[in-house]
Amino acid sequence: MTKQNIGIVYGGKSAEHSVSLLTAKSIINAIDKEKYNVFPIFISLEGNWARGEKITSEITDQHDLVFSNFDNDISGLLFEDGRKFDIVFPVLHGPNGEDGTIQGLLEIMDIAYVGNNVLSSAAGMDKVVMKQLFAAYDLPQLPYVHFIEYTWKNKKEALIAEINENLKYPLFVKPANLGSSVGISRCNDEAELVKGIEEALKFDKKIVVEQGAVGAKEIEVAVLGYNEVKTTDPGEIVNISSTEFYDYETKYTDGQSRMDIPAPIDTTLYPKFREMAATAFRAISGSGLVRADFFYTKEGEIFINEVNTMPGFTPFSMFPSLWANMNVSYSEIIEELFALAVERYEDRKNLLTEE
């Protein structure tokens with residue numbers, strides 16, 4: 001039986017570049033080398049692409065996956081012996097990786113790939129579009145206001161008045177198209193609001209201001225699927241740092257957060273969280289995987305916060321840990337993702353392009 005050629009694309013122009021390297025190492029080590037030929041494809045912080053040799057042994061240091069033999073022929077990196085890769089697994093976070101751009105490249109090249117497609121990736125990256133899709137599916141959300149930089153510059157006072165009238169402090173100001181809590185500020189009054197908006201505008205031209213859920217638990221559910229959707233029991237991410245919210249430093253500093261799996265909440269609520277996670281997945285036309293994040297308030301209300309279309313994926317990240325709690329191993333998740341990638345690719349190939 002001929003082995004399938006698998007490309008793992010990682011790194012990228014992102015605040016999560018180093019996290020992507022760790023994830024790539026974990027995935028590469030978990031893939032069955034008797035079944036697949038595995039090729040690493042590195043993207044530098046400057047956006048340059050380079051491919052390493054086929055990997056046949058365990059990677060012990062993620063820095064061994066950093067290459068400098070950059071090649072301007074990006075499409076050529078996705079071929080081996082004149083044949084396109086069978087599957088590509090983009091292990092990229094944030095803009096230029098999780099936003100539909102690399103997915104578009106792979107669609108044009110007619111290569112099966114793991115994870116969400118162009119539409120669902122773009123929708124999952126843009127918090128405003130995501131929220132509008134959630135609303136269309138009647139998923140409860142915290143109140144929010146959104147606007148673009150032009151409006152802020154030309155109608156600042158009116159915007160501030162709108163925010164103060166419709167939202168209650170504390171507020172969270174977010175760039176619409178970034179992840180990892182980059183550029184996010186918690187604002188307790190109008191002065192902090194203005195400062196937070198100015199900070200967020202350094203990262204994006206579109207801004208979301210959300211009402212905070214003070215004291216709420218942060219609950220997460222993992223989703224796998226395409227035509228059929230599977231979910232996990234929920235887990236809770238607990239901020240045990242001194243920060244007021246789960247910011248970038250808290251996320252990526254050891255000992256600053258804790259995962260409680262399964263979530264220590266009333267288990268009769270588990271089906272509700274799972275149902276809402278599946279609905280959120282369908283709302284963005286998801287395929288492959290997402291992690292759905294919720295707020296569970298002291299009053300017992302559940303609000304969808306967001307979906308992450310390429311969640312953290314080291315063996316110790318929340319997404320694989322949630323599946324481990326369902327007796328699905330890390331290697332089994334990867335095999336499932338490969339199968340889902342092929343299923344979607346075959347569906348697309350069977351569509352007519354003309355009458």
# chains A, B, ... in the order shown; residues from 1 in each chain; ligands from 1
>>> residues_around(residues="segment 143-150 of chain A", least_positions_apart="4", cutoff="8 Å", atoms="only C-alpha atoms", output="list of chain:residue names")
A:Val128, A:Asn154, A:Ile163, A:Asn166, A:Leu167, A:Leu201, A:Lys205, A:Lys206, A:Ile207, A:Val208, A:Val209, A:Glu210, A:Gln211
>>> write_last_selection(atoms="N, CA, C and O atoms", output="mmCIF file, in the first residue's frame")
data_model
loop_
_atom_site.group_PDB
_atom_site.id
_atom_site.type_symbol
_atom_site.label_atom_id
_atom_site.label_comp_id
_atom_site.auth_asym_id
_atom_site.auth_seq_id
_atom_site.Cartn_x
_atom_site.Cartn_y
_atom_site.Cartn_z
ATOM 1 N N VAL A 128 -16.902 40.096 14.667
ATOM 2 C CA VAL A 128 -18.189 40.720 14.341
ATOM 3 C C VAL A 128 -19.025 39.783 13.479
ATOM 4 O O VAL A 128 -20.205 39.533 13.759
ATOM 5 N N ASN A 154 -14.248 59.902 13.338
ATOM 6 C CA ASN A 154 -15.175 60.950 12.905
ATOM 7 C C ASN A 154 -16.411 61.109 13.787
ATOM 8 O O ASN A 154 -17.074 62.156 13.742
ATOM 9 N N ILE A 163 -22.060 53.427 23.458
ATOM 10 C CA ILE A 163 -21.513 52.363 24.315
ATOM 11 C C ILE A 163 -21.991 52.532 25.754
ATOM 12 O O ILE A 163 -22.451 51.576 26.397
ATOM 13 N N ASN A 166 -25.725 51.549 26.077
ATOM 14 C CA ASN A 166 -26.153 50.174 25.820
ATOM 15 C C ASN A 166 -25.397 49.094 26.594
ATOM 16 O O ASN A 166 -25.877 47.965 26.703
ATOM 17 N N LEU A 167 -24.214 49.436 27.101
ATOM 18 C CA LEU A 167 -23.396 48.441 27.782
ATOM 19 C C LEU A 167 -23.079 48.873 29.214
ATOM 20 O O LEU A 167 -23.052 50.063 29.520
ATOM 21 N N LEU A 201 -6.903 49.645 18.187
ATOM 22 C CA LEU A 201 -6.775 50.138 16.814
ATOM 23 C C LEU A 201 -5.353 49.997 16.275
ATOM 24 O O LEU A 201 -5.133 50.125 15.067
ATOM 25 N N LYS A 205 -8.472 47.477 12.209
ATOM 26 C CA LYS A 205 -9.301 48.631 11.846
ATOM 27 C C LYS A 205 -10.748 48.448 12.297
ATOM 28 O O LYS A 205 -11.540 49.382 12.220
ATOM 29 N N LYS A 206 -11.089 47.234 12.727
ATOM 30 C CA LYS A 206 -12.443 46.949 13.204
ATOM 31 C C LYS A 206 -12.373 46.552 14.676
ATOM 32 O O LYS A 206 -11.542 45.729 15.063
ATOM 33 N N ILE A 207 -13.261 47.124 15.483
ATOM 34 C CA ILE A 207 -13.197 46.960 16.928
ATOM 35 C C ILE A 207 -14.526 46.429 17.472
ATOM 36 O O ILE A 207 -15.603 46.797 16.983
ATOM 37 N N VAL A 208 -14.443 45.588 18.487
ATOM 38 C CA VAL A 208 -15.610 45.098 19.208
ATOM 39 C C VAL A 208 -15.475 45.526 20.671
ATOM 40 O O VAL A 208 -14.423 45.348 21.276
ATOM 41 N N VAL A 209 -16.553 46.102 21.208
ATOM 42 C CA VAL A 209 -16.618 46.424 22.635
ATOM 43 C C VAL A 209 -17.715 45.556 23.232
ATOM 44 O O VAL A 209 -18.881 45.655 22.832
ATOM 45 N N GLU A 210 -17.340 44.690 24.179
ATOM 46 C CA GLU A 210 -18.288 43.735 24.751
ATOM 47 C C GLU A 210 -18.524 44.032 26.227
ATOM 48 O O GLU A 210 -17.602 44.434 26.948
ATOM 49 N N GLN A 211 -19.739 43.792 26.654
ATOM 50 C CA GLN A 211 -20.041 43.859 28.076
ATOM 51 C C GLN A 211 -19.410 42.667 28.778
ATOM 52 O O GLN A 211 -19.503 41.535 28.300
#
>>> closest_atom_pairs(of="segment 69-101 of chain A", to="segment 27-36 of chain A", cutoff="12 Å", atoms="only C-alpha atoms", output="JSON lines")
{"residue": "A:Phe85", "atom": "CA", "partner": "A:Tyr36", "partner_atom": "CA", "distance": 10.8}
{"residue": "A:Asp86", "atom": "CA", "partner": "A:Tyr36", "partner_atom": "CA", "distance": 9.8}
{"residue": "A:Ile87", "atom": "CA", "partner": "A:Tyr36", "partner_atom": "CA", "distance": 10.1}
{"residue": "A:Val88", "atom": "CA", "partner": "A:Tyr36", "partner_atom": "CA", "distance": 11.9}
{"residue": "A:Phe89", "atom": "CA", "partner": "A:Ile27", "partner_atom": "CA", "distance": 9.4}
{"residue": "A:Pro90", "atom": "CA", "partner": "A:Ile27", "partner_atom": "CA", "distance": 11.0}
{"residue": "A:Val91", "atom": "CA", "partner": "A:Ile27", "partner_atom": "CA", "distance": 9.1}
>>> atom_distance(atom1="atom CA of Asn327 of chain A", atom2="atom CA of Pro311 of chain A")
19.2 Å
>>> residues_around(residues="segment 333-341 of chain A", least_positions_apart="6", cutoff="8 Å", atoms="only C-alpha atoms", output="list of chain:residue names")
A:Ile27, A:Ile31, A:Ile87, A:Ala112, A:Tyr113, A:Val114, A:Gly115, A:Leu224, A:Gly225, A:Tyr226, A:Ser287, A:Gly288, A:Leu289, A:Pro320, A:Trp323
>>> write_last_selection(atoms="all heavy atoms", output="mmCIF file, in the first residue's frame")
data_model
loop_
_atom_site.group_PDB
_atom_site.id
_atom_site.type_symbol
_atom_site.label_atom_id
_atom_site.label_comp_id
_atom_site.auth_asym_id
_atom_site.auth_seq_id
_atom_site.Cartn_x
_atom_site.Cartn_y
_atom_site.Cartn_z
ATOM 1 N N ILE A 27 2.146 16.959 16.842
ATOM 2 C CA ILE A 27 1.383 16.281 15.786
ATOM 3 C C ILE A 27 2.285 15.360 14.976
ATOM 4 O O ILE A 27 1.940 14.205 14.696
ATOM 5 C CB ILE A 27 0.702 17.324 14.881
ATOM 6 C CG1 ILE A 27 -0.420 18.019 15.642
ATOM 7 C CG2 ILE A 27 0.158 16.671 13.606
ATOM 8 C CD1 ILE A 27 -1.018 19.201 14.909
ATOM 9 N N ILE A 31 1.846 11.134 14.499
ATOM 10 C CA ILE A 31 1.409 10.543 13.231
ATOM 11 C C ILE A 31 2.112 9.203 13.004
ATOM 12 O O ILE A 31 3.321 9.062 13.230
ATOM 13 C CB ILE A 31 1.692 11.504 12.060
ATOM 14 C CG1 ILE A 31 0.808 12.754 12.174
ATOM 15 C CG2 ILE A 31 1.450 10.815 10.722
ATOM 16 C CD1 ILE A 31 1.107 13.809 11.131
ATOM 17 N N ILE A 87 -2.696 15.236 1.871
ATOM 18 C CA ILE A 87 -3.364 16.051 2.888
ATOM 19 C C ILE A 87 -2.363 17.059 3.446
ATOM 20 O O ILE A 87 -1.189 16.729 3.643
ATOM 21 C CB ILE A 87 -3.904 15.189 4.057
ATOM 22 C CG1 ILE A 87 -4.859 14.102 3.562
ATOM 23 C CG2 ILE A 87 -4.594 16.063 5.109
ATOM 24 C CD1 ILE A 87 -5.245 13.090 4.631
ATOM 25 N N ALA A 112 -6.516 18.343 -0.340
ATOM 26 C CA ALA A 112 -7.303 18.144 0.879
ATOM 27 C C ALA A 112 -6.531 18.715 2.063
ATOM 28 O O ALA A 112 -5.296 18.581 2.140
ATOM 29 C CB ALA A 112 -7.569 16.654 1.092
ATOM 30 N N TYR A 113 -7.246 19.345 2.982
ATOM 31 C CA TYR A 113 -6.564 19.916 4.144
ATOM 32 C C TYR A 113 -7.422 19.775 5.393
ATOM 33 O O TYR A 113 -8.654 19.718 5.332
ATOM 34 C CB TYR A 113 -6.199 21.384 3.907
ATOM 35 C CG TYR A 113 -7.360 22.296 3.618
ATOM 36 C CD1 TYR A 113 -8.019 22.996 4.629
ATOM 37 C CD2 TYR A 113 -7.817 22.479 2.307
ATOM 38 C CE1 TYR A 113 -9.094 23.833 4.350
ATOM 39 C CE2 TYR A 113 -8.879 23.309 2.014
ATOM 40 C CZ TYR A 113 -9.513 23.992 3.047
ATOM 41 O OH TYR A 113 -10.578 24.814 2.769
ATOM 42 N N VAL A 114 -6.743 19.720 6.513
ATOM 43 C CA VAL A 114 -7.390 19.561 7.809
ATOM 44 C C VAL A 114 -7.978 20.897 8.270
ATOM 45 O O VAL A 114 -7.390 21.952 8.076
ATOM 46 C CB VAL A 114 -6.383 19.048 8.858
ATOM 47 C CG1 VAL A 114 -6.955 19.149 10.274
ATOM 48 C CG2 VAL A 114 -5.977 17.618 8.547
ATOM 49 N N GLY A 115 -9.147 20.819 8.879
ATOM 50 C CA GLY A 115 -9.711 21.996 9.525
ATOM 51 C C GLY A 115 -10.735 22.708 8.679
ATOM 52 O O GLY A 115 -11.184 22.236 7.628
ATOM 53 N N LEU A 224 -15.689 18.066 16.877
ATOM 54 C CA LEU A 224 -15.132 17.447 15.675
ATOM 55 C C LEU A 224 -16.286 17.133 14.731
ATOM 56 O O LEU A 224 -17.357 16.697 15.179
ATOM 57 C CB LEU A 224 -14.411 16.132 16.013
ATOM 58 C CG LEU A 224 -13.016 16.195 16.618
ATOM 59 C CD1 LEU A 224 -12.594 14.806 17.106
ATOM 60 C CD2 LEU A 224 -12.004 16.728 15.618
ATOM 61 N N GLY A 225 -16.071 17.338 13.436
ATOM 62 C CA GLY A 225 -17.136 16.950 12.535
ATOM 63 C C GLY A 225 -17.061 17.571 11.163
ATOM 64 O O GLY A 225 -16.185 18.378 10.849
ATOM 65 N N TYR A 226 -18.028 17.169 10.371
ATOM 66 C CA TYR A 226 -18.251 17.730 9.034
ATOM 67 C C TYR A 226 -19.735 17.547 8.737
ATOM 68 O O TYR A 226 -20.545 18.391 9.092
ATOM 69 C CB TYR A 226 -17.350 17.040 8.004
ATOM 70 C CG TYR A 226 -17.652 17.404 6.568
ATOM 71 C CD1 TYR A 226 -17.758 18.734 6.169
ATOM 72 C CD2 TYR A 226 -17.857 16.409 5.608
ATOM 73 C CE1 TYR A 226 -18.056 19.066 4.847
ATOM 74 C CE2 TYR A 226 -18.140 16.736 4.288
ATOM 75 C CZ TYR A 226 -18.247 18.064 3.917
ATOM 76 O OH TYR A 226 -18.555 18.384 2.619
ATOM 77 N N SER A 287 -16.102 22.828 9.759
ATOM 78 C CA SER A 287 -15.694 21.492 9.332
ATOM 79 C C SER A 287 -14.337 21.194 9.937
ATOM 80 O O SER A 287 -13.486 22.071 10.056
ATOM 81 C CB SER A 287 -15.648 21.373 7.808
ATOM 82 O OG SER A 287 -14.802 22.345 7.238
ATOM 83 N N GLY A 288 -14.160 19.961 10.363
ATOM 84 C CA GLY A 288 -12.911 19.588 11.006
ATOM 85 C C GLY A 288 -13.026 19.750 12.507
ATOM 86 O O GLY A 288 -13.478 18.839 13.205
ATOM 87 N N LEU A 289 -12.656 20.917 12.996
ATOM 88 C CA LEU A 289 -12.611 21.101 14.450
ATOM 89 C C LEU A 289 -12.872 22.546 14.827
ATOM 90 O O LEU A 289 -12.578 23.467 14.075
ATOM 91 C CB LEU A 289 -11.243 20.678 15.005
ATOM 92 C CG LEU A 289 -10.033 21.579 14.734
ATOM 93 C CD1 LEU A 289 -8.865 21.179 15.648
ATOM 94 C CD2 LEU A 289 -9.577 21.580 13.294
ATOM 95 N N PRO A 320 -7.419 18.730 22.947
ATOM 96 C CA PRO A 320 -7.150 17.291 23.069
ATOM 97 C C PRO A 320 -7.490 16.752 24.459
ATOM 98 O O PRO A 320 -7.901 15.587 24.578
ATOM 99 C CB PRO A 320 -5.650 17.181 22.795
ATOM 100 C CG PRO A 320 -5.276 18.431 22.109
ATOM 101 C CD PRO A 320 -6.190 19.476 22.643
ATOM 102 N N TRP A 323 -11.077 15.814 24.651
ATOM 103 C CA TRP A 323 -11.340 14.548 23.971
ATOM 104 C C TRP A 323 -10.767 13.375 24.754
ATOM 105 O O TRP A 323 -11.352 12.276 24.755
ATOM 106 C CB TRP A 323 -10.799 14.574 22.543
ATOM 107 C CG TRP A 323 -11.704 15.324 21.624
ATOM 108 C CD1 TRP A 323 -11.491 16.525 21.025
ATOM 109 C CD2 TRP A 323 -13.030 14.930 21.230
ATOM 110 N NE1 TRP A 323 -12.577 16.913 20.288
ATOM 111 C CE2 TRP A 323 -13.542 15.955 20.392
ATOM 112 C CE3 TRP A 323 -13.831 13.819 21.507
ATOM 113 C CZ2 TRP A 323 -14.809 15.883 19.832
ATOM 114 C CZ3 TRP A 323 -15.098 13.753 20.947
ATOM 115 C CH2 TRP A 323 -15.577 14.771 20.121
#
>>> select_by_dssp(residues="segment 67-307 of chain A", states="alpha helix (DSSP H)", output="VMD selection string")
chain A and resid 101 to 108 118 to 125 127 to 136 149 to 154 156 to 166 190 to 200 248 to 252 270 to 283
>>> write_last_selection(atoms="C-alpha atoms", output="tab-separated table (two decimals), in the first residue's frame")
chain	number	residue	atom	x	y	z
A	101	THR	CA	-5.98	32.72	3.53
A	102	ILE	CA	-3.92	29.53	3.54
A	103	GLN	CA	-7.14	27.58	3.17
A	104	GLY	CA	-7.78	29.52	-0.04
A	105	LEU	CA	-4.32	28.59	-1.33
A	106	LEU	CA	-5.00	24.91	-0.68
A	107	GLU	CA	-8.42	25.14	-2.34
A	108	ILE	CA	-6.87	26.65	-5.45
A	118	VAL	CA	-12.20	29.44	3.68
A	119	LEU	CA	-15.61	30.66	4.79
A	120	SER	CA	-15.67	29.13	8.26
A	121	SER	CA	-12.07	30.13	8.96
A	122	ALA	CA	-12.71	33.74	7.95
A	123	ALA	CA	-15.97	33.87	9.91
A	124	GLY	CA	-14.27	32.38	12.95
A	125	MET	CA	-11.51	34.98	12.81
A	127	LYS	CA	-15.49	38.47	15.80
A	128	VAL	CA	-18.19	40.72	14.34
A	129	VAL	CA	-19.15	38.32	11.54
A	130	MET	CA	-19.01	35.45	14.03
A	131	LYS	CA	-21.38	37.23	16.41
A	132	GLN	CA	-23.78	38.05	13.60
A	133	LEU	CA	-23.88	34.36	12.60
A	134	PHE	CA	-24.45	33.33	16.21
A	135	ALA	CA	-27.35	35.77	16.40
A	136	ALA	CA	-28.88	34.24	13.26
A	149	GLU	CA	-11.55	53.10	12.79
A	150	TYR	CA	-13.07	55.68	10.40
A	151	THR	CA	-16.21	55.89	12.54
A	152	TRP	CA	-14.15	56.25	15.71
A	153	LYS	CA	-12.15	59.11	14.26
A	154	ASN	CA	-15.18	60.95	12.90
A	156	LYS	CA	-16.04	59.46	18.63
A	157	GLU	CA	-18.42	61.22	21.02
A	158	ALA	CA	-21.47	59.56	19.50
A	159	LEU	CA	-19.84	56.14	19.74
A	160	ILE	CA	-18.88	56.65	23.37
A	161	ALA	CA	-22.44	57.74	24.12
A	162	GLU	CA	-23.82	54.65	22.35
A	163	ILE	CA	-21.51	52.36	24.32
A	164	ASN	CA	-22.32	54.01	27.65
A	165	GLU	CA	-26.04	53.82	26.91
A	166	ASN	CA	-26.15	50.17	25.82
A	190	GLU	CA	-14.88	55.81	30.12
A	191	ALA	CA	-11.25	56.94	30.35
A	192	GLU	CA	-10.06	53.32	30.22
A	193	LEU	CA	-12.50	52.68	27.38
A	194	VAL	CA	-10.95	55.39	25.21
A	195	LYS	CA	-7.45	54.15	26.02
A	196	GLY	CA	-8.46	50.55	25.26
A	197	ILE	CA	-9.95	51.47	21.89
A	198	GLU	CA	-6.83	53.38	20.90
A	199	GLU	CA	-4.74	50.35	21.87
A	200	ALA	CA	-6.94	47.92	19.92
A	248	TYR	CA	-2.04	36.77	26.59
A	249	GLU	CA	0.47	36.46	29.43
A	250	THR	CA	-1.89	34.29	31.45
A	251	LYS	CA	-2.53	31.99	28.49
A	252	TYR	CA	1.12	31.35	27.72
A	270	TYR	CA	-23.57	19.35	30.00
A	271	PRO	CA	-26.07	18.54	27.20
A	272	LYS	CA	-26.96	22.24	26.90
A	273	PHE	CA	-23.32	23.26	26.46
A	274	ARG	CA	-22.77	20.47	23.94
A	275	GLU	CA	-25.88	21.42	21.97
A	276	MET	CA	-24.83	25.08	21.87
A	277	ALA	CA	-21.30	24.12	20.78
A	278	ALA	CA	-22.69	22.05	17.90
A	279	THR	CA	-24.98	24.93	16.91
A	280	ALA	CA	-22.06	27.39	16.93
A	281	PHE	CA	-20.09	24.94	14.75
A	282	ARG	CA	-22.93	24.84	12.24
A	283	ALA	CA	-23.44	28.61	12.42
>>> atom_distance(atom1="atom CA of Asp260 of chain A", atom2="atom CA of Gly235 of chain A")
5.7 Å
>>> select_by_dssp(residues="segment 161-193 of chain A", states="strand (DSSP E or B)", output="PyMOL selection string")
chain A and resi 171-175+185-187
>>> residues_around(residues="Gly11 of chain A", least_positions_apart="4", cutoff="9 Å", atoms="only C-alpha atoms", output="PyMOL selection string")
chain A and resi 16-21+24+41-45+47+66+91-93
>>> write_last_selection(atoms="C-alpha atoms", output="PDB file, in the first residue's frame")
ATOM      1  CA  GLU A  16       1.426  32.323  18.548  1.00  0.00           C
ATOM      2  CA  HIS A  17       4.389  31.406  16.319  1.00  0.00           C
ATOM      3  CA  SER A  18       6.207  29.542  19.103  1.00  0.00           C
ATOM      4  CA  VAL A  19       3.011  27.765  20.183  1.00  0.00           C
ATOM      5  CA  SER A  20       2.561  26.601  16.587  1.00  0.00           C
ATOM      6  CA  LEU A  21       6.043  25.050  16.659  1.00  0.00           C
ATOM      7  CA  ALA A  24       3.675  20.857  15.042  1.00  0.00           C
ATOM      8  CA  ILE A  41       6.793  23.102   6.157  1.00  0.00           C
ATOM      9  CA  PHE A  42       7.963  26.076   8.225  1.00  0.00           C
ATOM     10  CA  ILE A  43       6.746  29.675   7.834  1.00  0.00           C
ATOM     11  CA  SER A  44       8.990  32.285   9.434  1.00  0.00           C
ATOM     12  CA  LEU A  45       7.816  35.320  11.386  1.00  0.00           C
ATOM     13  CA  GLY A  47       6.283  35.038   6.172  1.00  0.00           C
ATOM     14  CA  VAL A  66      12.950  25.799  12.103  1.00  0.00           C
ATOM     15  CA  VAL A  91      -1.171  24.248  12.304  1.00  0.00           C
ATOM     16  CA  LEU A  92      -1.292  28.039  12.207  1.00  0.00           C
ATOM     17  CA  HIS A  93      -2.957  30.565  14.471  1.00  0.00           C
TER      18      HIS A  93
END
>>> atom_distance(atom1="atom CA of Tyr345 of chain A", atom2="atom CA of Asn117 of chain A")
10.4 Å
>>> closest_residue(among="A:Lys217, A:Lys349, A:His63, A:Arg258", to="Thr297 of chain A", atoms="only C-alpha atoms")
A:Lys217
